[in-house]
Every structure is written in C-alpha cells, then in structure tokens.
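Student: Mind having a look at this structure? Questions to follow.
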Amino acid sequence: MHTREEKLAAFGRLLDVQHRLRKECPWDRKQTFESLRPNTIEEVFELADALIKHDLQDVMKELGDVMEHVMFYSILGDEEEEFDIADVCDHEARKLMFRHPFIDWTGWPNAPEADVQERPDDAAGVEATWEQIKQKEKDGNRTVLSGVPESLPSLIKAYRIQDKARNVGFDWEKKEDVWDKVREELAELEAELKKEDKEKSTKELGDFIFSVINAARLYHLNPDNALEHTNQKFIRRFNYVEKKSKDMGKALKDITLGDMDELWNEAKQMEKK
C-alpha cells in the first residue's frame, strides 16, 4: 500500500485536476451547488450499490467519484469566499475530536480537553453518549432528532430516528417485547384493510413498517441492507423466469402463473446449488 506522503500527493493531484477542470472545461465551468446536487445523490447511490455487492474495486472507483464531488463543492465554496477544502477537513477533524473527548488529543491543533473519566468500555458505550455530546457543540443539533436529514429515504430515516431516540434512553427494556407491538400494528392494518379505508390503511401500513424496522434495529439487523438483498434476489430470479420464457419462444404474458412459479422454483434451486 501507499505511504502517507504518497496518499497526500494523490489527494493534491486530484484537487489540482478538479481546479483545472473548473477553469478549462465548459461543463465544469457552468456547474453550481444546485446543479451538482442530483449528480451527487446518484454517485452516493452508486457507491451504496457497490458496498452492498461487496465489490471492492467498484467501491474504490465510486469513492473517487464521491470524493471528486466533495472537492468540487469545496472549489465552489472557495469561489464564493465562504470555505475551501482545508476548512472542510479542519472542521471535520475538530468535530471528530470533540465527539471523542475520552481520547487524549494533547498536542493536536484545536484539540478539546481529554476526559478520561468518561472513557467508554465498548462501541455501545460511545453511542450511549453520542447525542449528548453532539448537542454540546456550538453549532450542534438543537434537538435529538433534528440531525436526521429530511431528504433521507423513508426506510433509512425511520431507522435513524429510532436509533437516535435509543441513544437518549427511549427504547424497549427487553427487545423481545417489540414483537407484541409488531403484532398489534399488523392487526390494526388488517382491520383497516377489511374496511377498505385507504387513508387509514395507509397510516396503519406506515405504523406496521415502522414497527418491523424497530424490531430489526433491536436485533442489530440493517433493514435497508436486508431489503436490498431481497430486491437483488427477486431481480435475479425474475430475470431467470423471463429468460427461460424467451427460450421457450414465449413472452412472459403468454405463459401461465403455474409455469412462472415452476421456473421461479428452478431459479431458487439453482441459487442453493
């Protein structure tokens, strides 16, 4: 692997490339904070795809794309004389040191005082005081849940809301108790569905999904990753059904549900092998 000097040189080279593109490339010259935002979201999702597939070469490439966007935004901030990449890095370093006061940062620039008395024993101990530490920051979150981005996908947002509430003690005493809540929400959903009340059914569906996400969190399962694995599994199996249908010279709409089910089971067996 590379030395620290080589890593810093590579970082500087990418920054120089981005600065030159901003000056000489017509597309780069016209970009703004607002115009880049959709591209940034797309790049982050492409990174998320690579991570879920554990394709490390692809992860490396997508990290580069995300880093390029960080640099681009920093150049835009520099042009408006608001901040540059050094400010971004320094701010993040200060924040990380402040949120880890149990580590001795003596001698580090802008370092907070160490508080060894609060040194946690494990990761759970760190998380237990995370929200309190963040709210002590000068520009920290005003409330526990204010740090959850509004634009997060709903499933991830639900998990983060629940996790932040847990960090201040708002959680089930025993994780097994959550299943009573899941069953309660499912029963309420079924009751509204029987009444064919779409508005109330939608609300109860949300409550039920929220309770299932809560159960996943309590059992240390990531519901977003779990659902994406199922999405990918469904795509693989459905693509197999579609391919086999074409091999038979038929469109999917021309074969029976029984035929589809048989091909679906074939796909399942192939995955097991």
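Naming works like this for the structure tokens: A, B, ... for the chains as they're shown, residue 1 at the start of each chain, ligands 1 onward in shown order.
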Taking 4 positions as the minimum chain separation for residues in the same chain, which residues sit within 12 Å of A:Asn110 when counting only C-alpha atoms? Answer as a PDB file with N, CA and C atoms, in the first residue's frame.

Tutor:
```
ATOM      1  N   ASP A  90     -10.577  20.591   8.224  1.00  0.00           N
ATOM      2  CA  ASP A  90     -10.336  21.059   9.591  1.00  0.00           C
ATOM      3  C   ASP A  90     -11.600  20.976  10.442  1.00  0.00           C
ATOM      4  N   HIS A  91     -12.735  21.363   9.850  1.00  0.00           N
ATOM      5  CA  HIS A  91     -13.999  21.319  10.592  1.00  0.00           C
ATOM      6  C   HIS A  91     -14.337  19.883  10.981  1.00  0.00           C
ATOM      7  N   GLU A  92     -14.135  18.960  10.051  1.00  0.00           N
ATOM      8  CA  GLU A  92     -14.455  17.556  10.343  1.00  0.00           C
ATOM      9  C   GLU A  92     -13.511  16.993  11.401  1.00  0.00           C
ATOM     10  N   ALA A  93     -12.231  17.357  11.336  1.00  0.00           N
ATOM     11  CA  ALA A  93     -11.276  16.882  12.334  1.00  0.00           C
ATOM     12  C   ALA A  93     -11.632  17.398  13.727  1.00  0.00           C
ATOM     13  N   ARG A  94     -11.970  18.693  13.818  1.00  0.00           N
ATOM     14  CA  ARG A  94     -12.360  19.266  15.107  1.00  0.00           C
ATOM     15  C   ARG A  94     -13.603  18.584  15.657  1.00  0.00           C
ATOM     16  N   LYS A  95     -14.569  18.334  14.773  1.00  0.00           N
ATOM     17  CA  LYS A  95     -15.813  17.703  15.220  1.00  0.00           C
ATOM     18  C   LYS A  95     -15.552  16.299  15.757  1.00  0.00           C
ATOM     19  N   LEU A  96     -14.730  15.545  15.039  1.00  0.00           N
ATOM     20  CA  LEU A  96     -14.439  14.174  15.473  1.00  0.00           C
ATOM     21  C   LEU A  96     -13.704  14.158  16.805  1.00  0.00           C
ATOM     22  N   MET A  97     -12.762  15.106  16.989  1.00  0.00           N
ATOM     23  CA  MET A  97     -12.049  15.163  18.267  1.00  0.00           C
ATOM     24  C   MET A  97     -12.995  15.546  19.400  1.00  0.00           C
ATOM     25  N   PHE A  98     -13.877  16.500  19.142  1.00  0.00           N
ATOM     26  CA  PHE A  98     -14.826  16.944  20.170  1.00  0.00           C
ATOM     27  C   PHE A  98     -15.766  15.806  20.566  1.00  0.00           C
ATOM     28  N   TRP A 105      -6.108  14.131  23.025  1.00  0.00           N
ATOM     29  CA  TRP A 105      -5.708  14.841  21.818  1.00  0.00           C
ATOM     30  C   TRP A 105      -4.634  15.896  22.113  1.00  0.00           C
ATOM     31  N   THR A 106      -3.974  15.780  23.238  1.00  0.00           N
ATOM     32  CA  THR A 106      -2.953  16.761  23.615  1.00  0.00           C
ATOM     33  C   THR A 106      -1.923  16.932  22.498  1.00  0.00           C
TER      34      THR A 106
END
```

Student: So that I can see what lies close to stretch 260-266 of chain A, please list as a list in words the residues with an atom at most 8 Å from it, counting only C-alpha atoms and leaving out residues fewer than 4 positions away in the same chain.

Tutor: Arg237, Phe238, Tyr240, Val241, Lys244, Ile255, Thr256 and Met270 of chain A

Student: Write out as a list in words the residues lying within 8 Å of A:Lys175, counting only C-alpha atoms and excluding same-chain residues fewer than 6 positions away.

Tutor: Ala215, Leu218 and Tyr219 of chain A

Student: Generate the output file for the selected residues, N, CA, C and O atoms, as a CSV table (one decimal), in the first residue's frame.

Tutor:
```csv
chain,number,residue,atom,x,y,z
A,215,ALA,N,-38.0,-3.6,15.1
A,215,ALA,CA,-37.6,-4.9,15.5
A,215,ALA,C,-36.2,-5.2,14.9
A,215,ALA,O,-35.4,-5.8,15.6
A,218,LEU,N,-33.5,-3.6,16.9
A,218,LEU,CA,-33.2,-4.2,18.2
A,218,LEU,C,-32.4,-5.5,18.1
A,218,LEU,O,-31.7,-5.9,19.0
A,219,TYR,N,-32.6,-6.2,17.0
A,219,TYR,CA,-31.8,-7.4,16.8
A,219,TYR,C,-30.6,-7.2,15.9
A,219,TYR,O,-30.0,-8.1,15.4
```

Student: Have a look at A:Val70, A:Ala50, A:Ala216, A:Leu189 and name the one nearest to A:Tyr159; count only C-alpha atoms.

Tutor: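 Going through A:Val70, A:Ala50, A:Ala216, A:Leu189 one by one, the smallest distance to A:Tyr159 is for A:Ala216.
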
Student: Tell me which protein, DNA and RNA residues are within 10 Å of stretch 43-48 of chain A, counting only C-alpha atoms, leaving out same-chain ones fewer than 4 positions away, and put them as a PDB file with N, CA, C and O atoms, in the first residue's frame.

Tutor:
```
ATOM      1  N   ARG A  37     -26.156  18.854  -7.261  1.00  0.00           N
ATOM      2  CA  ARG A  37     -26.824  18.049  -6.236  1.00  0.00           C
ATOM      3  C   ARG A  37     -27.382  16.731  -6.768  1.00  0.00           C
ATOM      4  O   ARG A  37     -27.137  15.671  -6.160  1.00  0.00           O
ATOM      5  N   PRO A  38     -28.135  16.704  -7.879  1.00  0.00           N
ATOM      6  CA  PRO A  38     -28.667  15.421  -8.361  1.00  0.00           C
ATOM      7  C   PRO A  38     -27.561  14.425  -8.718  1.00  0.00           C
ATOM      8  O   PRO A  38     -27.697  13.226  -8.468  1.00  0.00           O
ATOM      9  N   ASN A  39     -26.453  14.931  -9.291  1.00  0.00           N
ATOM     10  CA  ASN A  39     -25.335  14.053  -9.626  1.00  0.00           C
ATOM     11  C   ASN A  39     -24.699  13.460  -8.373  1.00  0.00           C
ATOM     12  O   ASN A  39     -24.309  12.292  -8.351  1.00  0.00           O
ATOM     13  N   ILE A  52     -23.089  -2.851  -1.148  1.00  0.00           N
ATOM     14  CA  ILE A  52     -23.981  -3.975  -0.860  1.00  0.00           C
ATOM     15  C   ILE A  52     -23.523  -5.229  -1.593  1.00  0.00           C
ATOM     16  O   ILE A  52     -23.729  -6.356  -1.136  1.00  0.00           O
ATOM     17  N   LYS A  53     -22.864  -5.031  -2.752  1.00  0.00           N
ATOM     18  CA  LYS A  53     -22.343  -6.173  -3.520  1.00  0.00           C
ATOM     19  C   LYS A  53     -20.956  -6.595  -3.064  1.00  0.00           C
ATOM     20  O   LYS A  53     -20.436  -7.599  -3.536  1.00  0.00           O
ATOM     21  N   HIS A  54     -20.365  -5.822  -2.186  1.00  0.00           N
ATOM     22  CA  HIS A  54     -19.004  -6.053  -1.678  1.00  0.00           C
ATOM     23  C   HIS A  54     -18.007  -6.178  -2.825  1.00  0.00           C
ATOM     24  O   HIS A  54     -17.093  -7.010  -2.802  1.00  0.00           O
ATOM     25  N   ASP A  55     -18.193  -5.348  -3.850  1.00  0.00           N
ATOM     26  CA  ASP A  55     -17.275  -5.283  -4.981  1.00  0.00           C
ATOM     27  C   ASP A  55     -16.256  -4.196  -4.666  1.00  0.00           C
ATOM     28  O   ASP A  55     -16.481  -3.015  -4.922  1.00  0.00           O
ATOM     29  N   ASP A  58     -15.022  -1.786  -7.326  1.00  0.00           N
ATOM     30  CA  ASP A  58     -16.062  -0.815  -7.652  1.00  0.00           C
ATOM     31  C   ASP A  58     -16.224   0.191  -6.517  1.00  0.00           C
ATOM     32  O   ASP A  58     -16.466   1.381  -6.757  1.00  0.00           O
ATOM     33  N   VAL A  59     -16.102  -0.273  -5.267  1.00  0.00           N
ATOM     34  CA  VAL A  59     -16.160   0.636  -4.118  1.00  0.00           C
ATOM     35  C   VAL A  59     -15.075   1.701  -4.254  1.00  0.00           C
ATOM     36  O   VAL A  59     -15.319   2.898  -4.043  1.00  0.00           O
ATOM     37  N   MET A  60     -13.862   1.266  -4.617  1.00  0.00           N
ATOM     38  CA  MET A  60     -12.751   2.207  -4.780  1.00  0.00           C
ATOM     39  C   MET A  60     -13.075   3.256  -5.841  1.00  0.00           C
ATOM     40  O   MET A  60     -12.865   4.456  -5.627  1.00  0.00           O
ATOM     41  N   LYS A  61     -13.626   2.817  -6.977  1.00  0.00           N
ATOM     42  CA  LYS A  61     -13.950   3.750  -8.053  1.00  0.00           C
ATOM     43  C   LYS A  61     -15.044   4.730  -7.632  1.00  0.00           C
ATOM     44  O   LYS A  61     -14.959   5.933  -7.903  1.00  0.00           O
ATOM     45  N   GLU A  62     -16.082   4.205  -6.976  1.00  0.00           N
ATOM     46  CA  GLU A  62     -17.198   5.069  -6.580  1.00  0.00           C
ATOM     47  C   GLU A  62     -16.798   6.036  -5.469  1.00  0.00           C
ATOM     48  O   GLU A  62     -17.301   7.165  -5.396  1.00  0.00           O
ATOM     49  N   LEU A  63     -15.896   5.619  -4.581  1.00  0.00           N
ATOM     50  CA  LEU A  63     -15.378   6.540  -3.572  1.00  0.00           C
ATOM     51  C   LEU A  63     -14.673   7.719  -4.235  1.00  0.00           C
ATOM     52  O   LEU A  63     -14.782   8.862  -3.775  1.00  0.00           O
ATOM     53  N   GLY A  64     -13.959   7.432  -5.331  1.00  0.00           N
ATOM     54  CA  GLY A  64     -13.310   8.504  -6.072  1.00  0.00           C
ATOM     55  C   GLY A  64     -14.308   9.496  -6.624  1.00  0.00           C
ATOM     56  O   GLY A  64     -14.091  10.718  -6.574  1.00  0.00           O
ATOM     57  N   ASP A  65     -15.430   8.981  -7.157  1.00  0.00           N
ATOM     58  CA  ASP A  65     -16.460   9.873  -7.693  1.00  0.00           C
ATOM     59  C   ASP A  65     -17.063  10.749  -6.604  1.00  0.00           C
ATOM     60  O   ASP A  65     -17.303  11.949  -6.803  1.00  0.00           O
ATOM     61  N   VAL A  66     -17.314  10.149  -5.431  1.00  0.00           N
ATOM     62  CA  VAL A  66     -17.876  10.918  -4.326  1.00  0.00           C
ATOM     63  C   VAL A  66     -16.866  11.964  -3.839  1.00  0.00           C
ATOM     64  O   VAL A  66     -17.216  13.120  -3.566  1.00  0.00           O
ATOM     65  N   MET A  67     -15.593  11.561  -3.741  1.00  0.00           N
ATOM     66  CA  MET A  67     -14.557  12.498  -3.306  1.00  0.00           C
ATOM     67  C   MET A  67     -14.424  13.663  -4.282  1.00  0.00           C
ATOM     68  O   MET A  67     -14.216  14.815  -3.875  1.00  0.00           O
ATOM     69  N   HIS A  69     -16.754  15.008  -5.960  1.00  0.00           N
ATOM     70  CA  HIS A  69     -17.845  15.936  -5.688  1.00  0.00           C
ATOM     71  C   HIS A  69     -17.550  16.773  -4.440  1.00  0.00           C
ATOM     72  O   HIS A  69     -17.863  17.969  -4.411  1.00  0.00           O
ATOM     73  N   ASN A 225     -30.276  -2.764   4.188  1.00  0.00           N
ATOM     74  CA  ASN A 225     -29.449  -3.784   3.549  1.00  0.00           C
ATOM     75  C   ASN A 225     -30.244  -5.055   3.305  1.00  0.00           C
ATOM     76  O   ASN A 225     -30.127  -5.687   2.246  1.00  0.00           O
TER      77      ASN A 225
END
```

Student: Would you list the contacts of A:Trp179 as a tab-separated table (two decimals) with all heavy atoms, in the first residue's frame, taking every protein, DNA or RNA residue within 10 Å and counting only C-alpha atoms, but skipping same-chain residues closer than 3 positions in sequence?

Tutor:
```tsv
chain	number	residue	atom	x	y	z
A	175	LYS	N	-35.81	-6.50	24.21
A	175	LYS	CA	-36.05	-6.46	22.77
A	175	LYS	C	-37.19	-7.39	22.36
A	175	LYS	O	-37.89	-7.13	21.38
A	175	LYS	CB	-34.78	-6.83	22.00
A	175	LYS	CG	-34.27	-8.25	22.24
A	175	LYS	CD	-32.97	-8.48	21.47
A	175	LYS	CE	-32.44	-9.89	21.69
A	175	LYS	NZ	-31.14	-10.11	20.98
A	176	GLU	N	-37.42	-8.46	23.12
A	176	GLU	CA	-38.49	-9.39	22.77
A	176	GLU	C	-39.87	-8.74	22.82
A	176	GLU	O	-40.81	-9.18	22.14
A	176	GLU	CB	-38.47	-10.61	23.71
A	176	GLU	CG	-37.23	-11.48	23.60
A	176	GLU	CD	-36.06	-10.92	24.39
A	176	GLU	OE1	-36.24	-9.89	25.09
A	176	GLU	OE2	-34.96	-11.50	24.31
A	182	VAL	N	-45.34	-5.25	17.03
A	182	VAL	CA	-45.44	-5.61	15.62
A	182	VAL	C	-46.78	-6.29	15.34
A	182	VAL	O	-47.47	-5.97	14.37
A	182	VAL	CB	-44.27	-6.54	15.21
A	182	VAL	CG1	-44.48	-7.09	13.79
A	182	VAL	CG2	-42.94	-5.80	15.29
A	183	ARG	N	-47.15	-7.24	16.21
A	183	ARG	CA	-48.43	-7.95	16.03
A	183	ARG	C	-49.61	-7.01	16.19
A	183	ARG	O	-50.61	-7.11	15.47
A	183	ARG	CB	-48.52	-9.12	17.02
A	183	ARG	CG	-47.66	-10.33	16.64
A	183	ARG	CD	-47.90	-11.50	17.56
A	183	ARG	NE	-47.22	-11.31	18.83
A	183	ARG	CZ	-45.97	-11.75	19.09
A	183	ARG	NH1	-45.30	-12.39	18.15
A	183	ARG	NH2	-45.41	-11.56	20.27
A	184	GLU	N	-49.50	-6.07	17.13
A	184	GLU	CA	-50.57	-5.09	17.33
A	184	GLU	C	-50.76	-4.23	16.09
A	184	GLU	O	-51.90	-4.01	15.63
A	184	GLU	CB	-50.22	-4.20	18.53
A	184	GLU	CG	-51.19	-3.05	18.76
A	184	GLU	CD	-50.68	-2.07	19.80
A	184	GLU	OE1	-49.94	-2.49	20.72
A	184	GLU	OE2	-51.01	-0.86	19.69
A	185	GLU	N	-49.65	-3.76	15.51
A	185	GLU	CA	-49.74	-2.91	14.32
A	185	GLU	C	-50.26	-3.70	13.11
A	185	GLU	O	-51.00	-3.16	12.29
A	185	GLU	CB	-48.37	-2.30	14.00
A	185	GLU	CG	-47.82	-1.37	15.08
A	185	GLU	CD	-48.67	-0.13	15.28
A	185	GLU	OE1	-49.62	0.10	14.50
A	185	GLU	OE2	-48.41	0.62	16.23
A	211	SER	N	-42.73	-0.44	12.89
A	211	SER	CA	-42.53	-1.39	13.98
A	211	SER	C	-41.59	-2.53	13.55
A	211	SER	O	-40.78	-3.01	14.36
A	211	SER	CB	-43.87	-1.96	14.46
A	211	SER	OG	-44.45	-2.80	13.48
A	212	VAL	N	-41.67	-2.95	12.30
A	212	VAL	CA	-40.78	-4.01	11.80
A	212	VAL	C	-39.34	-3.49	11.74
A	212	VAL	O	-38.39	-4.21	12.10
A	212	VAL	CB	-41.23	-4.50	10.41
A	212	VAL	CG1	-40.20	-5.45	9.80
A	212	VAL	CG2	-42.58	-5.21	10.51
A	214	ASN	N	-38.16	-1.21	13.64
A	214	ASN	CA	-37.76	-1.15	15.04
A	214	ASN	C	-37.27	-2.50	15.54
A	214	ASN	O	-36.26	-2.61	16.24
A	214	ASN	CB	-38.93	-0.66	15.89
A	214	ASN	CG	-38.48	0.05	17.16
A	214	ASN	OD1	-37.31	0.25	17.39
A	214	ASN	ND2	-39.43	0.42	17.99
A	215	ALA	N	-37.98	-3.55	15.15
A	215	ALA	CA	-37.58	-4.91	15.54
A	215	ALA	C	-36.21	-5.25	14.94
A	215	ALA	O	-35.35	-5.82	15.62
A	215	ALA	CB	-38.63	-5.92	15.07
```

Student: Just asking: which residues within stretch 131-265 of chain A are alpha helix (DSSP H) according to DSSP, as a VMD selection string?

Tutor: chain A and resid 131 to 136 154 to 167 178 to 195 198 to 218 223 to 247 257 to 265

Student: Could you check the closest approach to A:Lys30 for each of A:Leu193, A:Leu56, A:Leu76, A:Met71 and tell me which residue wins, using only C-alpha atoms?

Tutor: A:Leu76

Student: How many Å separate atom CA of A:Ile41 from atom CA of A:Ala165?

Tutor: 26.5 Å
